[in-house]
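Structure file start.txt; described as compact mmCIF, C-alpha atoms.
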# COMPACT_ATOMS: atom_id res chain seq x y z
CA GLY Y 1 126.96 85.01 18.62
CA ARG Y 2 124.45 86.72 20.83
CA PRO Y 3 123.45 85.07 24.13
CA PRO Y 4 119.93 83.54 24.06
CA PRO Y 5 117.16 85.77 25.46
CA PRO Y 6 116.33 85.12 29.14
CA ARG Y 7 113.47 82.73 29.76
CA PRO Y 8 110.34 84.17 31.38
CA PRO Y 9 110.13 83.24 35.08
CA LEU Y 10 107.94 80.25 35.87
CA SER Y 11 104.71 81.17 37.62
CA ILE Y 12 104.69 79.51 41.04
CA PRO Y 13 101.23 78.52 42.28
CA ARG Y 14 100.38 79.92 45.71
CA VAL Y 15 99.99 77.07 48.13
CA PRO Y 16 98.61 77.55 51.68
CA VAL Y 17 101.43 77.26 54.18
CA PRO Y 18 100.81 74.35 56.57
CA PRO Y 19 100.94 74.96 60.35
CA SER Y 20 104.19 72.96 60.50
CA TYR Y 21 105.89 75.83 58.62
CA PHE Y 22 106.47 77.56 61.97
CA ASP Y 23 109.27 75.69 63.70
CA GLU Y 24 110.28 76.62 67.25
CA ASN Y 25 113.65 74.96 66.63
CA HIS Y 26 114.54 77.74 64.19
CA LEU Y 27 113.80 80.67 66.52
CA PRO Y 28 116.86 82.88 67.25
CA SER Y 29 116.94 82.08 70.98
CA VAL Y 30 116.98 78.34 70.26
CA ARG Y 31 119.74 78.66 67.64
CA HIS Y 32 121.79 81.17 69.64
CA GLN Y 33 125.42 80.28 70.30
CA PRO Y 34 127.15 79.58 72.60
CA ASN Y 35 124.18 79.22 74.99
CA PRO Y 36 121.03 78.13 73.10
CA MET Y 37 117.67 77.85 74.87
CA THR Y 38 115.40 74.82 74.53
CA PRO Y 39 112.11 75.41 72.67
CA GLU Y 40 110.31 74.87 76.00
CA ALA Y 41 112.44 77.54 77.76
CA GLU Y 42 111.85 79.93 74.84
CA ARG Y 43 108.10 79.33 75.09
CA GLN Y 44 108.13 79.93 78.85
CA SER Y 45 110.08 83.19 78.42
CA ARG Y 46 107.44 84.39 75.95
CA ARG Y 47 104.58 83.42 78.26
CA ARG Y 48 106.05 85.00 81.38
CA THR Y 49 106.81 88.24 79.54
CA CYS Y 50 103.36 88.32 77.94
CA ARG Y 51 101.84 88.05 81.42
CA PHE Y 52 104.03 90.97 82.49
CA ILE Y 53 102.96 93.04 79.44
CA GLU Y 54 99.30 92.29 80.18
CA GLU Y 55 99.52 93.24 83.85
CA ALA Y 56 101.70 96.31 83.30
CA GLY Y 57 99.61 97.48 80.34
CA GLN Y 58 96.16 97.06 81.83
CA ARG Y 59 96.65 97.58 85.57
CA SER Y 60 99.67 99.84 85.89
CA LEU Y 61 99.56 101.93 82.71
CA ARG Y 62 95.78 101.63 82.18
CA LEU Y 63 96.17 101.12 78.44
CA PRO Y 64 93.13 99.95 76.42
CA ARG Y 65 92.95 96.22 75.70
CA VAL Y 66 93.82 96.70 72.02
CA ALA Y 67 97.03 98.58 72.92
CA VAL Y 68 98.11 95.74 75.22
CA ALA Y 69 97.39 93.25 72.43
CA THR Y 70 99.43 95.36 69.99
CA ALA Y 71 102.35 95.51 72.45
CA THR Y 72 102.21 91.71 72.72
CA VAL Y 73 102.31 91.26 68.93
CA PHE Y 74 105.29 93.66 68.73
CA PHE Y 75 107.00 91.55 71.39
CA HIS Y 76 106.37 88.24 69.58
CA ARG Y 77 107.57 89.68 66.25
CA PHE Y 78 110.69 91.13 67.86
CA TYR Y 79 111.75 87.79 69.34
CA ALA Y 80 111.02 86.02 66.04
CA LYS Y 81 114.08 87.92 64.72
CA HIS Y 82 116.16 88.48 67.90
CA SER Y 83 117.17 86.25 70.79
CA PHE Y 84 116.34 86.53 74.49
CA GLN Y 85 120.07 86.14 75.17
CA GLU Y 86 120.86 89.40 73.35
CA HIS Y 87 118.06 91.64 74.60
CA ASP Y 88 116.61 91.79 78.12
CA ARG Y 89 112.95 90.84 77.80
CA PHE Y 90 111.86 93.23 80.57
CA GLU Y 91 113.37 96.20 78.68
CA VAL Y 92 111.89 94.99 75.37
CA ALA Y 93 108.47 94.70 77.05
CA MET Y 94 108.68 98.33 78.22
CA ALA Y 95 109.62 99.49 74.71
CA CYS Y 96 106.72 97.48 73.21
CA LEU Y 97 104.26 99.08 75.65
CA LEU Y 98 105.64 102.56 74.94
CA LEU Y 99 105.36 102.06 71.18
CA ALA Y 100 101.93 100.41 71.31
CA GLY Y 101 100.57 103.29 73.40
CA LYS Y 102 101.55 105.72 70.63
CA THR Y 103 100.30 103.40 67.87
CA GLU Y 104 96.87 102.93 69.45
CA GLU Y 105 96.49 106.64 70.30
CA SER Y 106 96.93 106.12 74.05
CA PRO Y 107 100.46 107.48 74.52
CA LYS Y 108 102.17 107.30 77.91
CA LYS Y 109 105.26 109.26 78.92
CA LEU Y 110 108.52 107.31 78.95
CA ASP Y 111 109.27 108.16 82.60
CA PHE Y 112 105.82 106.92 83.65
CA VAL Y 113 106.21 103.65 81.71
CA ILE Y 114 109.61 102.96 83.31
CA ARG Y 115 108.43 103.86 86.83
CA GLU Y 116 105.32 101.68 86.68
CA CYS Y 117 107.00 98.71 85.00
CA TRP Y 118 109.91 98.84 87.45
CA LYS Y 119 107.50 98.92 90.38
CA LEU Y 120 105.55 95.93 89.08
CA ARG Y 121 108.73 94.00 88.41
CA ARG Y 122 110.23 94.77 91.85
CA ARG Y 123 107.02 93.77 93.61
CA ALA Y 124 106.99 90.44 91.76
CA GLN Y 125 110.65 89.84 92.58
CA GLN Y 126 110.09 90.57 96.26
CA GLN Y 127 107.15 88.16 96.32
CA GLN Y 128 109.23 85.49 94.62
CA GLN Y 129 112.12 86.03 97.02
CA LYS Y 130 109.79 85.82 100.00
CA MET Y 131 108.39 82.50 98.79
CA LEU Y 132 111.89 81.15 98.18
CA ASN Y 133 113.03 82.22 101.64
CA GLN Y 134 110.04 80.46 103.19
CA ALA Y 135 110.82 77.33 101.16
CA GLY Y 136 114.53 77.60 102.00
CA GLY Y 137 115.52 77.43 98.33
CA GLU Y 138 117.74 79.42 96.04
CA SER Y 139 116.55 81.91 93.48
CA PRO Y 140 116.12 80.25 90.09
CA SER Y 141 117.86 81.85 87.13
CA MET Y 142 115.54 83.78 84.82
CA ALA Y 143 115.44 82.03 81.45
CA GLY Y 144 116.23 84.52 78.74
CA ALA Y 145 117.31 87.31 81.06
CA SER Y 146 120.35 89.28 79.96
CA PRO Y 147 123.32 90.06 82.22
CA THR Y 148 121.86 93.56 82.72
CA ALA Y 149 118.72 92.19 84.39
CA MET Y 150 118.03 93.55 87.87
CA PRO Y 151 119.34 91.53 90.80
CA SER Y 152 116.81 89.88 93.10
CA PRO Y 153 115.94 92.40 95.81
CA SER Y 154 115.64 91.71 99.51
CA SER Y 155 112.20 92.07 101.03
CA ASN Y 156 113.22 95.46 102.48
CA ASP Y 157 114.16 97.03 99.14
CA ASN Y 158 112.09 99.96 97.92
CA ILE Y 159 109.92 99.19 94.91
CA GLN Y 160 110.32 102.74 93.55
CA ILE Y 161 113.14 103.62 91.17
CA ASP Y 162 115.17 106.77 91.84
CA GLN Y 163 114.65 108.97 88.77
CA LYS Y 164 118.00 110.64 89.37
CA SER Y 165 119.89 107.35 89.48
CA GLU Y 166 122.24 106.06 86.80
CA GLU Y 167 120.01 103.01 86.41
CA PHE Y 168 117.02 105.18 85.49
CA VAL Y 169 119.05 107.15 82.94
CA ARG Y 170 120.42 103.90 81.48
CA LEU Y 171 116.92 102.41 81.25
CA LYS Y 172 115.58 105.49 79.46
CA GLU Y 173 118.35 105.34 76.87
CA ARG Y 174 117.96 101.60 76.45
CA VAL Y 175 114.15 101.69 76.03
CA LEU Y 176 114.37 104.51 73.48
CA LEU Y 177 117.01 102.57 71.55
CA LEU Y 178 114.92 99.38 71.68
CA GLU Y 179 111.88 101.28 70.42
CA ARG Y 180 113.86 102.09 67.25
CA VAL Y 181 115.13 98.50 66.98
CA ILE Y 182 111.55 97.18 67.30
CA LEU Y 183 110.35 99.56 64.57
CA ASN Y 184 113.07 98.31 62.22
CA THR Y 185 112.43 94.68 63.16
CA ILE Y 186 108.69 94.86 62.37
CA GLY Y 187 109.38 96.82 59.18
CA PHE Y 188 107.50 99.87 60.52
CA GLU Y 189 104.26 97.89 60.20
CA LEU Y 190 102.30 99.62 62.95
CA HIS Y 191 98.75 98.75 61.94
CA ILE Y 192 98.08 95.51 63.77
CA GLU Y 193 94.81 93.61 63.37
CA HIS Y 194 93.61 91.45 66.25
CA PRO Y 195 91.09 88.59 66.45
CA TYR Y 196 88.57 90.56 68.55
CA LYS Y 197 86.57 92.32 65.83
CA PHE Y 198 86.48 89.18 63.67
CA LEU Y 199 85.14 86.97 66.45
CA VAL Y 200 82.48 89.53 67.45
CA ASP Y 201 81.36 89.77 63.78
CA CYS Y 202 81.27 85.97 63.54
CA VAL Y 203 79.09 85.60 66.66
CA GLN Y 204 76.73 88.39 65.51
CA ASN Y 205 76.42 86.72 62.11
CA MET Y 206 75.54 83.38 63.72
CA ASN Y 207 72.99 85.14 65.89
CA LYS Y 208 71.30 86.81 62.90
CA LYS Y 209 71.20 83.58 60.90
CA ARG Y 210 69.88 81.63 63.91
CA SER Y 211 72.53 79.00 63.23
CA ILE Y 212 73.35 78.14 66.87
CA GLU Y 213 71.39 76.70 69.78
CA GLY Y 214 71.90 75.75 73.42
CA LYS Y 215 72.35 72.38 75.06
CA ASP Y 216 69.72 69.80 74.08
CA GLY Y 217 68.41 72.08 71.34
CA GLN Y 218 67.36 74.96 73.60
CA PRO Y 219 66.65 78.13 71.58
CA LYS Y 220 69.36 80.77 71.77
CA THR Y 221 68.99 83.62 74.26
CA PRO Y 222 70.77 87.02 74.56
CA GLN Y 223 72.64 85.63 77.59
CA MET Y 224 73.84 82.69 75.51
CA ILE Y 225 75.15 85.00 72.77
CA GLN Y 226 76.85 87.18 75.39
CA GLU Y 227 78.50 84.11 76.93
CA LEU Y 228 79.68 82.90 73.52
CA SER Y 229 81.24 86.31 72.76
CA GLN Y 230 82.84 86.74 76.19
CA ASN Y 231 84.40 83.28 76.27
CA ALA Y 232 85.70 83.76 72.72
CA ILE Y 233 87.32 87.05 73.80
CA ASN Y 234 88.88 85.27 76.80
CA PHE Y 235 90.33 82.60 74.50
CA ALA Y 236 91.65 85.36 72.20
CA ASN Y 237 93.34 86.99 75.21
CA ASP Y 238 94.91 83.63 76.06
CA SER Y 239 96.10 83.21 72.46
CA MET Y 240 98.20 86.37 72.88
CA HIS Y 241 100.46 84.48 75.32
CA THR Y 242 101.37 81.98 72.59
CA SER Y 243 103.19 82.45 69.29
CA LEU Y 244 99.95 81.98 67.29
CA CYS Y 245 100.13 85.54 65.91
CA LEU Y 246 103.36 84.48 64.12
CA GLN Y 247 101.66 81.44 62.57
CA PHE Y 248 98.10 82.37 61.59
CA THR Y 249 95.97 85.36 60.56
CA PRO Y 250 93.79 87.19 63.15
CA GLN Y 251 90.71 85.90 61.27
CA GLU Y 252 91.81 82.27 61.63
CA ILE Y 253 92.58 82.72 65.34
CA ALA Y 254 89.17 84.38 65.80
CA MET Y 255 87.35 81.42 64.20
CA ALA Y 256 89.16 78.99 66.53
CA CYS Y 257 88.26 81.14 69.57
CA VAL Y 258 84.57 81.11 68.60
CA TYR Y 259 84.74 77.33 68.14
CA LEU Y 260 86.44 76.82 71.54
CA SER Y 261 83.93 79.15 73.19
CA GLY Y 262 80.99 77.27 71.69
CA LYS Y 263 82.32 73.89 72.82
CA TYR Y 264 83.28 75.21 76.25
CA SER Y 265 79.89 76.93 76.76
CA GLY Y 266 77.84 73.99 75.50
CA ILE Y 267 76.54 75.98 72.51
CA ARG Y 268 76.24 74.08 69.22
CA PRO Y 269 75.28 74.55 65.57
CA VAL Y 270 71.59 73.98 64.75
CA GLY Y 271 70.70 70.63 63.21
CA GLY Y 272 73.78 68.79 64.42
CA LYS Y 273 76.05 70.40 61.83
CA PRO Y 274 79.81 70.31 62.46
CA TRP Y 275 81.26 73.64 63.70
CA ILE Y 276 83.58 73.89 60.69
CA GLU Y 277 80.53 74.64 58.46
CA LEU Y 278 79.76 77.78 60.49
CA LEU Y 279 83.30 79.17 60.49
CA ASP Y 280 84.62 81.31 57.62
CA ASN Y 281 87.87 80.73 55.72
CA ILE Y 282 89.51 78.16 57.95
CA SER Y 283 90.45 74.52 57.31
CA VAL Y 284 90.02 71.68 59.79
CA GLU Y 285 93.82 71.43 59.88
CA TYR Y 286 94.28 75.07 60.90
CA LEU Y 287 91.34 74.99 63.34
CA THR Y 288 92.87 71.96 65.07
CA SER Y 289 96.37 73.44 65.29
CA ILE Y 290 95.18 76.78 66.75
CA SER Y 291 92.72 75.17 69.17
CA ILE Y 292 95.27 72.69 70.54
CA GLN Y 293 97.88 75.41 71.09
CA ILE Y 294 95.38 77.55 73.02
CA LEU Y 295 94.20 74.55 75.06
CA GLU Y 296 97.80 73.63 75.94
CA TYR Y 297 98.24 77.12 77.37
CA VAL Y 298 94.82 77.36 79.07
CA GLN Y 299 94.42 73.91 80.60
CA PRO Y 300 96.97 74.25 83.46
CA LYS Y 301 95.29 77.54 84.48
CA LYS Y 302 91.74 76.17 84.38
CA GLY Y 303 92.49 73.08 86.48
CA GLN Y 304 90.54 69.85 86.70
CA ASP Y 305 87.12 71.51 86.38
CA SER Y 306 87.76 72.09 82.67
CA GLU Y 307 89.62 68.86 81.94
CA MET Y 308 86.50 67.01 80.78
CA ALA Y 309 85.41 69.90 78.53
CA PHE Y 310 88.87 70.04 76.95
CA LYS Y 311 88.90 66.27 76.38
CA MET Y 312 85.56 66.59 74.57
CA ILE Y 313 86.99 69.36 72.39
CA ARG Y 314 89.99 67.22 71.45
CA LYS Y 315 87.64 64.36 70.55
CA ASP Y 316 85.50 66.68 68.40
CA LEU Y 317 88.59 67.99 66.56
CA ASP Y 318 89.73 64.43 65.85
CA GLU Y 319 86.28 63.55 64.46
CA MET Y 320 86.25 66.66 62.23
CA GLY Y 321 89.71 65.72 60.97
CA ARG Y 322 88.53 62.20 60.06
CA MET Y 323 85.44 63.62 58.32
CA GLY Y 324 87.67 65.95 56.31
CA GLU Y 325 89.84 63.02 55.20
CA ALA Y 326 86.80 60.94 54.27
CA ALA Y 327 85.07 63.73 52.31
CA PRO Y 328 87.33 65.37 49.68
CA ASP Y 329 84.89 68.27 49.25
CA ALA Y 330 84.88 69.17 52.96
CA LYS Y 331 86.46 72.44 54.11
CA ARG Y 332 90.01 71.14 54.26
CA GLN Y 333 91.80 74.14 52.78
CA LYS Y 334 91.28 77.81 53.35
CA THR Y 335 89.20 79.64 50.75
CA ASN Y 336 90.71 82.79 49.34
Would you mind giving the structure from this file in structure tokens?
Amino acid sequence: GRPPPPRPPLSIPRVPVPPSYFDENHLPSVRHQPNPMTPEAERQSRRRTCRFIEEAGQRSLRLPRVAVATATVFFHRFYAKHSFQEHDRFEVAMACLLLAGKTEESPKKLDFVIRECWKLRRRAQQQQQKMLNQAGGESPSMAGASPTAMPSPSSNDNIQIDQKSEEFVRLKERVLLLERVILNTIGFELHIEHPYKFLVDCVQNMNKKRSIEGKDGQPKTPQMIQELSQNAINFANDSMHTSLCLQFTPQEIAMACVYLSGKYSGIRPVGGKPWIELLDNISVEYLTSISIQILEYVQPKKGQDSEMAFKMIRKDLDEMGRMGEAAPDAKRQKTN
């Protein structure tokens, strides 16, 4: 007899992915054999390279902020699919900057990118070597650096690269190849959205609705709104050094940056409302996860001056979480 007709596929309800979906233990560098990295070492390699991309992009190459942010997202997405053991992160960073410059309509010539990035890298290595010599220690191995990474220079080495050297030719070929690998890795998705425009819109909206006030109920001022925006932008810049862009949407990250800025600046919602009521399309769970990851990155940089402010933020997040559990109708899930 005839085979029975195929059953129609079951419709699977779309469920919001919890923050725990992103697992550092499954990243390629951590699973790499025979020499896996620890999640902590993987995180540090990302952060150090993001700092390099930021400095090279803004100071050396004079790229606009959005192009530097795009290069950073390319970098994070690349190492979500590839390992630091296989690809030298310094070379990948150069390729990300080259590609982001073109994507954001601020193209830089390949030779210029290599020259400036090499110079920045050499200067940093010389500084590190000088400090080690003064301390009488040995040079630490660079976590995630490939065997092709540059050797540590002596303090007398020139920071310029010879454009006629074999090393320069090799770097050019390697960066051009990596640019193609990055394009394939990100699926040619070149339009990257960042948190900046969403956080500015959010602050402007709060300003228009008069939904925020200063400490002790002081009426809002233009300076207060400017401070809220600027601190939110600073937190968004910090978020780029973490893997948050692999875990959450730019809108969700923007909402967390506005929240952190408000708490850090002493700005609060009018009428004692919880911050979550002023933020669009984000659950308490997601707000907490994003905020804590940014704070973990920021706190060592800010020092003891900010420790009390950060403790207050953690306390506020815990209270919001308890309120969400107690009230089933509270904003616990994202709205579509």
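The nearest approach to Y:Lys273 among the residues Y:Gln226, Y:Met308, Y:Ala95, Y:Ile212, with all atoms listed in the file taken into account, belongs to Y:Ile212.
The environment of Y:Asn231 within 12 Å, counting only C-alpha atoms and disregarding residues fewer than 5 places along the same chain, consists of Tyr196, Leu199, Val200, Val203, Met224, Ile225, Gln226, Ala236, Asn237, Asp238, Ala254, Ala256, Cys257, Val258, Tyr259, Leu260, Ser261, Gly262, Lys263, Tyr264, Ser265, Gly266 and Ile267 of chain Y.
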Inset, instruction - Tell me, as a ChimeraX atom specification, which residues lie within 12 Å of stretch 83-88 of chain Y, counting all atoms listed in the file; anything in the same chain fewer than 4 positions away does not count. - result: /Y:26-38,41-46,49,75-79,92-95,142-150,171,174-175,177-178,181-182
Inset, instruction - Using only C-alpha atoms, give me every residue within 12 Å of (119.0, 102.4, 85.5) in file coordinates, as an MDAnalysis selection string. - result: chainID Y and resid 91 111 114:115 118 148:150 160:175
Inset, instruction - Give me, please, the distance in Å between atom CA of Y:Ile282 and atom CA of Y:Ile253, quoted to one decimal. - result: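 Interatomic distance, atom CA of Y:Ile282 to atom CA of Y:Ile253: 9.2 Å.
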Legend entry - Separation of atom CA of Y:Glu179 from atom CA of Y:Leu99 in Å: 6.6 Å
Legend entry - Atomic distance atom CA of Y:His191 - atom CA of Y:Ile53, expressed in Å with one decimal: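 Straight-line distance from atom CA of Y:His191 to atom CA of Y:Ile53 works out to 18.9 Å.
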Legend entry - Residue nearest Y:Lys197 among Y:Gln251, Y:Thr242, Y:Ser211, Y:Gln223 (counting only C-alpha atoms):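 Ranked by minimum distance to Y:Lys197, first place goes to Y:Gln251.
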Legend entry - Distance criterion (only C-alpha atoms): nearest to Y:Gln125 out of Y:Leu110, Y:Cys50, Y:Ile159, Y:Ile290: Y:Ile159
Inset, instruction - Rank nothing, just name the residue among Y:Phe198, Y:Tyr286, Y:Trp275, Y:Phe235 nearest to Y:Gln299, using all atoms listed in the file. - result: Y:Phe235
Legend entry - Proximity to Y:Ser60 - best of Y:Gln247, Y:Lys208, Y:Lys108, Y:Asp23, all atoms listed in the file: Y:Lys108
